[in-house]
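Down below is the structure, laid out as structure tokens.
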Amino acid sequence: EENKVKVKVLLFARARELVGGSEFDLAVKEGATTADCVAELTTRFAALEVMRDSIVVALNFDYVTDPVKVKDGDELAIIPPISGG
Amino acid sequence: EENKVKVKVLLFARARELVGGSEFDLAVKEGATTADCVAELTTRFAALEVMRDSIVVALNFDYVTDPVKVKDGDELAIIPPISGG
Amino acid sequence: MEREAVKKMKEGKDDVLDIVDTTIDMGKYVDAVRDPGAGAISTFIGTTRDTFQNKEVIELQYEAYKPMAILELKKICTLARSKWSLIGIAVAHRLGTVPIGEESVFIAVSSVHRKDSLDACQFIIDELKARVPIWKKEVYSNGEVWKENAEFLQRAQVRS
Amino acid sequence: MEREAVKKMKEGKDDVLDIVDTTIDMGKYVDAVRDPGAGAISTFIGTTRDTFQNKEVIELQYEAYKPMAILELKKICTLARSKWSLIGIAVAHRLGTVPIGEESVFIAVSSVHRKDSLDACQFIIDELKARVPIWKKEVYSNGEVWKENAEFLQRAQVRS
């Protein structure tokens with residue numbers, strides 16, 4: 001079996017409601033990027049498809065735009081459009 | 001004796017301290033203006049001379065710049081540079 | 001009665017303008033501008049400083065030409081409402097001795113959208129310093145001085 | 001010890017950043033930025049509104065990605081301090097259900113001169129709305145919606 005990297009995924013607000021959960025572990029292939037993780041997520045949770053274009057992600061508490069390779073134990077947060085204030 | 005107009009004069013802050021009083025009546029000739037009142041005041045209270053260039057006056061609670069004729073019972077306030085806030 | 005309520009909402013709340021001799025109760029003035037239709041309340045608090053040009057300030061004393069000060073504040077509120085869409089405005093200025101670090105002036109402005117109250121709050125303190133007849137004396141260990149707001153002097157220059 | 005005190009003064013006070021589940025104690029945060037060297041404290045209060053596009057809002061619910069929210073707030077404070085001369089910054093955001101008219105966010109900034117804290121206060125609320133991971137759901141009589149800050153969407157567009 002090929003090596004897997006386990007990432008902790010956090011979901012908030014509308015994303016959390018669509019998926020029906022706020023936190024779970026995602027196992028991806030070694031070398032996978034944040035973009036791969038999002039693709040994997042939207043495959044697994046079809047409900048997320050409706051907000052795919054507006055999803056921003058944060059890796060270990062920092063916004064990332066270009067795909068970044070994930071490591072075992074990373075925390076990946078799905079950030080729907082924010083509305084604080 | 002010619003007709004006199006009685007104006008209530010109010011002094012504040014440094015002007016009050018220089019004159020040693022905060023309120024008194026000033027009798028001026030009928031037809032006298034706010035500028036005449038200030039001239040009369042600085043004559044009567046020589047101590048005010050040091051701040052003459054920085055004095056602004058208010059007539060009946062409104063700033064006046066050009067000389068305005070005063071009427072009996074008017075309230076004329078000597079407004080040294082303000083420092084509220 | 002419903003019509004009255006709508007009318008009131010559109011016109012905003014009455015301005016609350018106070019000159020006080022004691023500590024300023026900031027919560028009271030925030031509550032005065034608070035409104036279910038407001039999304040933002042911006043406030044400005046002027047506090048007394050312990051130093052001026054490296055001289056230690058021991059005490060500050062404020063005095064005002066009270067009736068004119070209130071009228072000038074009212075004019076500033078009317079001006080602010082003509083420039084921005086505001087709900088409530090409250091301004092309180094303290095007189096007498098104000099200990100170091102305490103409030104001398106408090107301004108609270110509410111609006112539907114934040115930009116209005118933020119800009120109006122800045123405008124009101126700028127105008128207050130330029131035209132409201134209130135004076136401050138700073139007492140140092142070796143003397144005292146009546147302060148002069150640059151905002152007033154600049155405007156006086158334009159006037160004359 | 002005196003050297004310590006001077007050093008502290010020059011560097012300003014530590015930022016106070018809170019995410020709370022109850023009413024925001026505004027006095028506490030004003031006191032946190034209060035300083036004998038400060039001449040001005042500017043604050044911004046975000047309050048919940050009863051209507052959005054003529055729909056009556058019954059309730060508002062906030063949630064946050066807490067650790068990241070605090071880190072983003074810290075970055076905003078550092079940015080603000082690099083742009084303006086500030087003494088203290090305090091930011092508190094409330095989570096959970098916030099009744100209409102109550103505070104959802106409170107920002108207090110102190111400075112020697114007022115322009116710094118006024119501008120910094122506006123900058124901090126603008127940045128907060130653009131980047132701090134906090135979400136608000138508005139509940140109406142006939143549905144609910146997760147709000148989206150225009151400030152965030154604009155920046156996301158620039159990013160991608």
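Letters A, B, ... mark the chains of the structure tokens in the order given; residue numbers begin at 1 per chain; ligand numbers begin at 1, in order shown.
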Kindly determine which residues of chain D lie within 12 Å of chain B, considering only C-alpha atoms, and give the answer as a PyMOL selection string. chain D and resi 39-40+113-114
Just N, CA, C and O atoms for this one: save the residues we selected as an mmCIF file, in the first residue's frame.
data_model
loop_
_atom_site.group_PDB
_atom_site.id
_atom_site.type_symbol
_atom_site.label_atom_id
_atom_site.label_comp_id
_atom_site.auth_asym_id
_atom_site.auth_seq_id
_atom_site.Cartn_x
_atom_site.Cartn_y
_atom_site.Cartn_z
ATOM 1 N N GLY D 39 -3.425 60.492 24.644
ATOM 2 C CA GLY D 39 -4.343 61.616 24.580
ATOM 3 C C GLY D 39 -5.658 61.216 23.952
ATOM 4 O O GLY D 39 -6.632 61.960 24.012
ATOM 5 N N ALA D 40 -5.681 60.035 23.326
ATOM 6 C CA ALA D 40 -6.869 59.632 22.586
ATOM 7 C C ALA D 40 -7.098 58.137 22.641
ATOM 8 O O ALA D 40 -6.146 57.357 22.606
ATOM 9 N N HIS D 113 -1.542 61.073 19.902
ATOM 10 C CA HIS D 113 -2.346 62.028 19.131
ATOM 11 C C HIS D 113 -3.514 61.317 18.451
ATOM 12 O O HIS D 113 -3.385 60.180 18.025
ATOM 13 N N ARG D 114 -4.637 62.014 18.337
ATOM 14 C CA ARG D 114 -5.874 61.324 17.962
ATOM 15 C C ARG D 114 -5.905 60.740 16.560
ATOM 16 O O ARG D 114 -6.544 59.718 16.330
#
Give me, as a tab-separated table, each residue of chain D that comes within 10 Å of chain C, together with its shortest interatomic pair and the distance in Å at one decimal, counting only C-alpha atoms, with rows ordered by chain and rising residue number.
residue	atom	partner	partner_atom	distance
D:Met26	CA	C:Gly27	CA	8.4
D:Gly27	CA	C:Gly27	CA	8.1
D:Val30	CA	C:Ile45	CA	9.4
D:Asp31	CA	C:Gly101	CA	9.9
D:Arg34	CA	C:Gly101	CA	6.8
D:Asp35	CA	C:Gly101	CA	6.0
D:Pro36	CA	C:Gly101	CA	4.6
D:Gly37	CA	C:Arg49	CA	5.0
D:Ala38	CA	C:Arg49	CA	5.7
D:Gly39	CA	C:Thr47	CA	4.8
D:Ala40	CA	C:Gly46	CA	4.7
D:Ile41	CA	C:Ile45	CA	4.9
D:Ser42	CA	C:Phe44	CA	4.6
D:Thr43	CA	C:Thr43	CA	5.1
D:Phe44	CA	C:Ser42	CA	4.6
D:Ile45	CA	C:Ile41	CA	4.9
D:Gly46	CA	C:Ala40	CA	4.7
D:Thr47	CA	C:Gly39	CA	4.8
D:Thr48	CA	C:Gly39	CA	5.7
D:Arg49	CA	C:Gly37	CA	5.0
D:Asp50	CA	C:Pro36	CA	5.4
D:Thr51	CA	C:Gly37	CA	6.8
D:Phe52	CA	C:Gly37	CA	9.4
D:Pro99	CA	C:Pro36	CA	9.7
D:Ile100	CA	C:Pro36	CA	6.0
D:Gly101	CA	C:Pro36	CA	4.6
D:Glu102	CA	C:Pro36	CA	8.4
D:Glu103	CA	C:Ala40	CA	9.0
D:Ser104	CA	C:Gly39	CA	9.7
D:Val105	CA	C:Ala40	CA	9.6
D:Phe106	CA	C:Ile41	CA	9.5
D:Ile107	CA	C:Ser42	CA	9.5
D:Ala108	CA	C:Thr43	CA	9.2
D:Val109	CA	C:Phe44	CA	9.8
D:Ser110	CA	C:Ile45	CA	9.1
D:Ser111	CA	C:Thr47	CA	9.9
D:Val112	CA	C:Arg49	CA	8.0
D:His113	CA	C:Gly46	CA	9.6
D:Arg114	CA	C:Gly46	CA	8.0
D:Lys115	CA	C:Gln122	CA	8.3
D:Ser117	CA	C:Phe44	CA	9.1
D:Leu118	CA	C:Gln122	CA	6.9
D:Asp119	CA	C:Gln122	CA	9.0
D:Cys121	CA	C:Leu118	CA	8.7
D:Gln122	CA	C:Leu118	CA	6.9
D:Ile125	CA	C:Arg114	CA	9.1
D:Asp126	CA	C:Arg114	CA	9.6
Kindly export the residues of the current selection with C-alpha atoms, as a PDB file, in the first residue's frame.
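Resulting contents of again09.pdb:
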ATOM      1  CA  MET D  26     -16.399  47.417  26.849  1.00  0.00           C
ATOM      2  CA  GLY D  27     -15.085  49.211  29.933  1.00  0.00           C
ATOM      3  CA  VAL D  30     -11.062  50.675  27.177  1.00  0.00           C
ATOM      4  CA  ASP D  31      -9.161  50.336  30.454  1.00  0.00           C
ATOM      5  CA  ARG D  34      -5.872  53.523  28.740  1.00  0.00           C
ATOM      6  CA  ASP D  35      -2.474  55.078  29.479  1.00  0.00           C
ATOM      7  CA  PRO D  36      -1.205  58.235  31.194  1.00  0.00           C
ATOM      8  CA  GLY D  37       0.692  59.004  27.978  1.00  0.00           C
ATOM      9  CA  ALA D  38      -2.365  58.612  25.739  1.00  0.00           C
ATOM     10  CA  GLY D  39      -4.343  61.616  24.580  1.00  0.00           C
ATOM     11  CA  ALA D  40      -6.869  59.632  22.586  1.00  0.00           C
ATOM     12  CA  ILE D  41      -8.765  56.370  22.614  1.00  0.00           C
ATOM     13  CA  SER D  42     -10.803  55.533  19.520  1.00  0.00           C
ATOM     14  CA  THR D  43     -13.247  52.682  19.612  1.00  0.00           C
ATOM     15  CA  PHE D  44     -15.432  50.865  17.161  1.00  0.00           C
ATOM     16  CA  ILE D  45     -18.463  48.852  18.221  1.00  0.00           C
ATOM     17  CA  GLY D  46     -20.156  46.536  15.763  1.00  0.00           C
ATOM     18  CA  THR D  47     -23.796  46.009  16.744  1.00  0.00           C
ATOM     19  CA  THR D  48     -26.313  43.559  15.326  1.00  0.00           C
ATOM     20  CA  ARG D  49     -29.042  45.029  13.134  1.00  0.00           C
ATOM     21  CA  ASP D  50     -32.696  44.109  13.065  1.00  0.00           C
ATOM     22  CA  THR D  51     -33.123  44.282   9.309  1.00  0.00           C
ATOM     23  CA  PHE D  52     -31.247  43.241   6.208  1.00  0.00           C
ATOM     24  CA  PRO D  99     -29.340  39.556  20.422  1.00  0.00           C
ATOM     25  CA  ILE D 100     -30.303  42.484  18.170  1.00  0.00           C
ATOM     26  CA  GLY D 101     -28.671  45.775  19.156  1.00  0.00           C
ATOM     27  CA  GLU D 102     -25.878  44.176  21.164  1.00  0.00           C
ATOM     28  CA  GLU D 103     -22.140  44.250  20.469  1.00  0.00           C
ATOM     29  CA  SER D 104     -20.627  41.583  18.241  1.00  0.00           C
ATOM     30  CA  VAL D 105     -17.211  43.221  18.029  1.00  0.00           C
ATOM     31  CA  PHE D 106     -15.356  45.878  20.000  1.00  0.00           C
ATOM     32  CA  ILE D 107     -12.089  47.583  19.076  1.00  0.00           C
ATOM     33  CA  ALA D 108     -10.222  50.097  21.233  1.00  0.00           C
ATOM     34  CA  VAL D 109      -7.008  51.843  20.202  1.00  0.00           C
ATOM     35  CA  SER D 110      -5.029  54.427  22.155  1.00  0.00           C
ATOM     36  CA  SER D 111      -2.404  56.870  20.925  1.00  0.00           C
ATOM     37  CA  VAL D 112      -0.654  60.079  21.937  1.00  0.00           C
ATOM     38  CA  HIS D 113      -2.346  62.028  19.131  1.00  0.00           C
ATOM     39  CA  ARG D 114      -5.874  61.324  17.962  1.00  0.00           C
ATOM     40  CA  LYS D 115      -5.293  60.927  14.241  1.00  0.00           C
ATOM     41  CA  SER D 117      -5.928  55.928  16.872  1.00  0.00           C
ATOM     42  CA  LEU D 118      -8.813  57.140  14.673  1.00  0.00           C
ATOM     43  CA  ASP D 119      -7.170  55.888  11.482  1.00  0.00           C
ATOM     44  CA  CYS D 121      -9.349  51.875  14.469  1.00  0.00           C
ATOM     45  CA  GLN D 122     -10.874  52.140  11.000  1.00  0.00           C
ATOM     46  CA  ILE D 125     -12.234  46.860  11.536  1.00  0.00           C
ATOM     47  CA  ASP D 126     -11.676  46.896   7.753  1.00  0.00           C
TER      48      ASP D 126
END
Step one, run DSSP on the backbone; step two, keep only residues of chain B assigned to strand (DSSP E or B); then write them as an NGL selection string. :B and (4-11 or 23-29 or 33 or 56-59 or 62-64 or 69 or 75-79)
Excluding same-chain residues fewer than 5 positions from Ile19 of chain C, what lies within 9 Å of it counting only C-alpha atoms, as a PyMOL selection string? chain C and resi 64+66+69-70+91-95
Closest of B:Lys4, B:Arg44, B:Lys29, B:Arg52 to Pro80 of chain B, counting only C-alpha atoms, is B:Arg52
Determine, counting only C-alpha atoms, which protein, DNA and RNA residues have an atom within 6 Å of an atom of segment 81-86 of chain C; residues of the same chain fewer than 2 positions away are not included. Present the result as an mmCIF file with all heavy atoms, in the first residue's frame.
data_model
loop_
_atom_site.group_PDB
_atom_site.id
_atom_site.type_symbol
_atom_site.label_atom_id
_atom_site.label_comp_id
_atom_site.auth_asym_id
_atom_site.auth_seq_id
_atom_site.Cartn_x
_atom_site.Cartn_y
_atom_site.Cartn_z
ATOM 1 N N THR C 78 -25.565 68.960 13.397
ATOM 2 C CA THR C 78 -26.383 69.224 12.206
ATOM 3 C C THR C 78 -25.530 69.110 10.948
ATOM 4 O O THR C 78 -25.934 68.502 9.944
ATOM 5 C CB THR C 78 -27.018 70.630 12.309
ATOM 6 O OG1 THR C 78 -27.766 70.690 13.518
ATOM 7 C CG2 THR C 78 -27.941 70.907 11.133
ATOM 8 N N LEU C 79 -24.326 69.675 11.005
ATOM 9 C CA LEU C 79 -23.391 69.569 9.883
ATOM 10 C C LEU C 79 -23.059 68.100 9.595
ATOM 11 O O LEU C 79 -23.077 67.660 8.435
ATOM 12 C CB LEU C 79 -22.084 70.292 10.242
ATOM 13 C CG LEU C 79 -21.846 71.678 9.665
ATOM 14 C CD1 LEU C 79 -20.555 72.252 10.238
ATOM 15 C CD2 LEU C 79 -21.758 71.619 8.140
ATOM 16 N N SER C 111 -24.589 54.474 13.231
ATOM 17 C CA SER C 111 -25.025 54.519 11.840
ATOM 18 C C SER C 111 -25.359 53.108 11.384
ATOM 19 O O SER C 111 -24.979 52.131 12.023
ATOM 20 C CB SER C 111 -23.925 55.111 10.956
ATOM 21 O OG SER C 111 -22.728 54.359 11.090
ATOM 22 N N ASP C 116 -19.940 55.652 7.821
ATOM 23 C CA ASP C 116 -20.586 56.904 8.225
ATOM 24 C C ASP C 116 -20.202 57.316 9.642
ATOM 25 O O ASP C 116 -19.803 58.444 9.887
ATOM 26 C CB ASP C 116 -22.115 56.776 8.115
ATOM 27 C CG ASP C 116 -22.576 56.664 6.670
ATOM 28 O OD1 ASP C 116 -22.381 57.625 5.914
ATOM 29 O OD2 ASP C 116 -23.115 55.614 6.299
#
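Atom pair atom CA of Lys13 of chain D / atom CA of Tyr29 of chain C has a distance of 26.7 Å (rounded to one decimal).
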Can you list, as a count of residues only, every protein, DNA or RNA residue that comes within 9 Å of Cys37 of chain B when you count only C-alpha atoms, leaving out same-chain residues fewer than 3 positions away? 12
Would you list the contacts of Asp25 of chain B as a ChimeraX atom specification, taking every protein, DNA or RNA residue within 9 Å and counting only C-alpha atoms, but skipping same-chain residues closer than 2 positions in sequence? /B:6-10,23,27
Print the selection's residues with N, CA and C atoms to a file, as a PDB file, in the first residue's frame.
ATOM      1  N   LYS B   6     -25.953  99.190  26.907  1.00  0.00           N
ATOM      2  CA  LYS B   6     -25.289  98.385  27.925  1.00  0.00           C
ATOM      3  C   LYS B   6     -25.147  96.934  27.448  1.00  0.00           C
ATOM      4  N   VAL B   7     -23.909  96.482  27.405  1.00  0.00           N
ATOM      5  CA  VAL B   7     -23.609  95.138  26.917  1.00  0.00           C
ATOM      6  C   VAL B   7     -23.044  94.310  28.067  1.00  0.00           C
ATOM      7  N   LYS B   8     -23.477  93.055  28.147  1.00  0.00           N
ATOM      8  CA  LYS B   8     -22.920  92.161  29.167  1.00  0.00           C
ATOM      9  C   LYS B   8     -21.679  91.485  28.571  1.00  0.00           C
ATOM     10  N   VAL B   9     -20.559  91.661  29.245  1.00  0.00           N
ATOM     11  CA  VAL B   9     -19.304  91.100  28.739  1.00  0.00           C
ATOM     12  C   VAL B   9     -18.899  89.887  29.578  1.00  0.00           C
ATOM     13  N   LEU B  10     -18.534  88.798  28.896  1.00  0.00           N
ATOM     14  CA  LEU B  10     -18.064  87.586  29.586  1.00  0.00           C
ATOM     15  C   LEU B  10     -16.610  87.333  29.208  1.00  0.00           C
ATOM     16  N   GLU B  23     -17.228  88.484  34.456  1.00  0.00           N
ATOM     17  CA  GLU B  23     -18.461  89.040  33.885  1.00  0.00           C
ATOM     18  C   GLU B  23     -18.648  90.467  34.371  1.00  0.00           C
ATOM     19  N   ALA B  27     -20.749  99.854  29.134  1.00  0.00           N
ATOM     20  CA  ALA B  27     -21.632 100.848  28.503  1.00  0.00           C
ATOM     21  C   ALA B  27     -20.876 101.492  27.353  1.00  0.00           C
TER      22      ALA B  27
END
By how many Å are atom CA of Glu72 of chain D and atom CA of Val132 of chain D apart? 5.7 Å
Close residues, Ala35 of chain B itself excluded, 10 Å, only C-alpha atoms, min 5 positions apart in chain, as a short mmCIF file (atom, residue, chain, number, x, y, z; two decimals) with N, CA, C and O atoms, in the first residue's frame:
data_model
loop_
_atom_site.label_atom_id
_atom_site.label_comp_id
_atom_site.auth_asym_id
_atom_site.auth_seq_id
_atom_site.Cartn_x
_atom_site.Cartn_y
_atom_site.Cartn_z
N GLU B 40 -12.53 99.29 23.71
CA GLU B 40 -12.87 99.87 25.01
C GLU B 40 -12.35 98.98 26.15
O GLU B 40 -11.79 99.46 27.13
N LEU B 41 -12.52 97.69 25.96
CA LEU B 41 -12.08 96.72 26.98
C LEU B 41 -10.58 96.74 27.18
O LEU B 41 -10.08 96.73 28.30
N VAL B 57 -14.30 87.16 19.26
CA VAL B 57 -15.48 87.46 20.07
C VAL B 57 -16.71 86.71 19.57
O VAL B 57 -16.80 86.35 18.40
N VAL B 64 -18.42 86.26 15.79
CA VAL B 64 -18.50 87.34 14.80
C VAL B 64 -17.08 87.74 14.42
O VAL B 64 -16.19 87.81 15.27
N THR B 65 -16.87 88.00 13.16
CA THR B 65 -15.54 88.41 12.70
C THR B 65 -15.57 89.87 12.31
O THR B 65 -14.90 90.70 12.91
N ASP B 66 -16.40 90.22 11.35
CA ASP B 66 -16.54 91.64 10.99
C ASP B 66 -17.28 92.36 12.11
O ASP B 66 -18.12 91.77 12.77
N PRO B 67 -16.97 93.65 12.34
CA PRO B 67 -17.65 94.39 13.42
C PRO B 67 -19.16 94.42 13.20
O PRO B 67 -19.63 94.63 12.10
N VAL B 68 -19.88 94.14 14.30
CA VAL B 68 -21.35 94.14 14.27
C VAL B 68 -21.83 95.13 15.31
O VAL B 68 -21.27 95.22 16.40
N LYS B 69 -22.85 95.92 14.98
CA LYS B 69 -23.39 96.89 15.93
C LYS B 69 -24.02 96.16 17.12
O LYS B 69 -24.75 95.19 16.91
N VAL B 70 -23.72 96.62 18.33
CA VAL B 70 -24.29 95.96 19.50
C VAL B 70 -25.56 96.67 19.96
O VAL B 70 -25.72 97.88 19.73
#
According to DSSP computed on the backbone, where in chain D is there helix (DSSP H, G or I)? Give the residues as a ChimeraX atom specification. /D:2-11,26-33,66-83,114-131,150-159
Selection above as a file: C-alpha atoms, as a short mmCIF file (atom, residue, chain, number, x, y, z; two decimals), in the first residue's frame:
data_model
loop_
_atom_site.label_atom_id
_atom_site.label_comp_id
_atom_site.auth_asym_id
_atom_site.auth_seq_id
_atom_site.Cartn_x
_atom_site.Cartn_y
_atom_site.Cartn_z
CA GLU D 2 13.19 52.41 35.60
CA ARG D 3 14.78 51.34 32.34
CA GLU D 4 12.19 48.57 32.08
CA ALA D 5 9.39 51.08 32.50
CA VAL D 6 10.73 53.39 29.79
CA LYS D 7 11.23 50.44 27.44
CA LYS D 8 7.66 49.31 28.06
CA MET D 9 6.30 52.78 27.36
CA LYS D 10 8.14 53.12 24.08
CA GLU D 11 7.02 49.71 22.86
CA MET D 26 -16.40 47.42 26.85
CA GLY D 27 -15.08 49.21 29.93
CA LYS D 28 -12.56 46.43 30.45
CA TYR D 29 -11.10 46.88 26.96
CA VAL D 30 -11.06 50.68 27.18
CA ASP D 31 -9.16 50.34 30.45
CA ALA D 32 -6.77 47.88 28.77
CA VAL D 33 -5.61 50.58 26.33
CA LYS D 66 -10.55 30.55 17.15
CA PRO D 67 -6.77 29.96 17.06
CA MET D 68 -6.47 31.30 13.52
CA ALA D 69 -8.76 34.25 14.32
CA ILE D 70 -6.47 35.28 17.20
CA LEU D 71 -3.38 34.90 14.99
CA GLU D 72 -4.95 36.99 12.22
CA LEU D 73 -5.93 39.66 14.75
CA LYS D 74 -2.34 39.68 15.98
CA LYS D 75 -1.09 40.21 12.42
CA ILE D 76 -3.53 43.07 11.98
CA CYS D 77 -2.26 44.70 15.19
CA THR D 78 1.35 44.36 14.03
CA LEU D 79 0.43 45.91 10.69
CA ALA D 80 -1.42 48.76 12.41
CA ARG D 81 1.52 49.45 14.71
CA SER D 82 3.82 49.61 11.67
CA LYS D 83 1.58 52.24 10.06
CA ARG D 114 -5.87 61.32 17.96
CA LYS D 115 -5.29 60.93 14.24
CA ASP D 116 -3.28 57.73 14.85
CA SER D 117 -5.93 55.93 16.87
CA LEU D 118 -8.81 57.14 14.67
CA ASP D 119 -7.17 55.89 11.48
CA ALA D 120 -5.89 52.68 13.08
CA CYS D 121 -9.35 51.87 14.47
CA GLN D 122 -10.87 52.14 11.00
CA PHE D 123 -8.04 50.05 9.53
CA ILE D 124 -8.49 47.31 12.13
CA ILE D 125 -12.23 46.86 11.54
CA ASP D 126 -11.68 46.90 7.75
CA GLU D 127 -8.95 44.23 8.05
CA LEU D 128 -10.96 42.19 10.52
CA LYS D 129 -13.82 41.99 8.03
CA ALA D 130 -11.42 41.01 5.25
CA ARG D 131 -9.36 38.28 6.93
CA ALA D 150 -17.59 42.16 0.67
CA GLU D 151 -14.12 42.95 2.07
CA PHE D 152 -13.24 39.24 2.10
CA LEU D 153 -14.65 38.51 -1.35
CA GLN D 154 -12.73 41.41 -2.89
CA ARG D 155 -9.48 40.21 -1.40
CA ALA D 156 -10.13 36.57 -2.39
CA GLN D 157 -10.59 37.75 -5.96
CA VAL D 158 -7.22 39.51 -5.90
CA ARG D 159 -5.62 36.40 -4.41
#
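Atom pair atom CA of Leu48 of chain A / atom CA of Val57 of chain D has a distance of 26.3 Å (rounded to one decimal).
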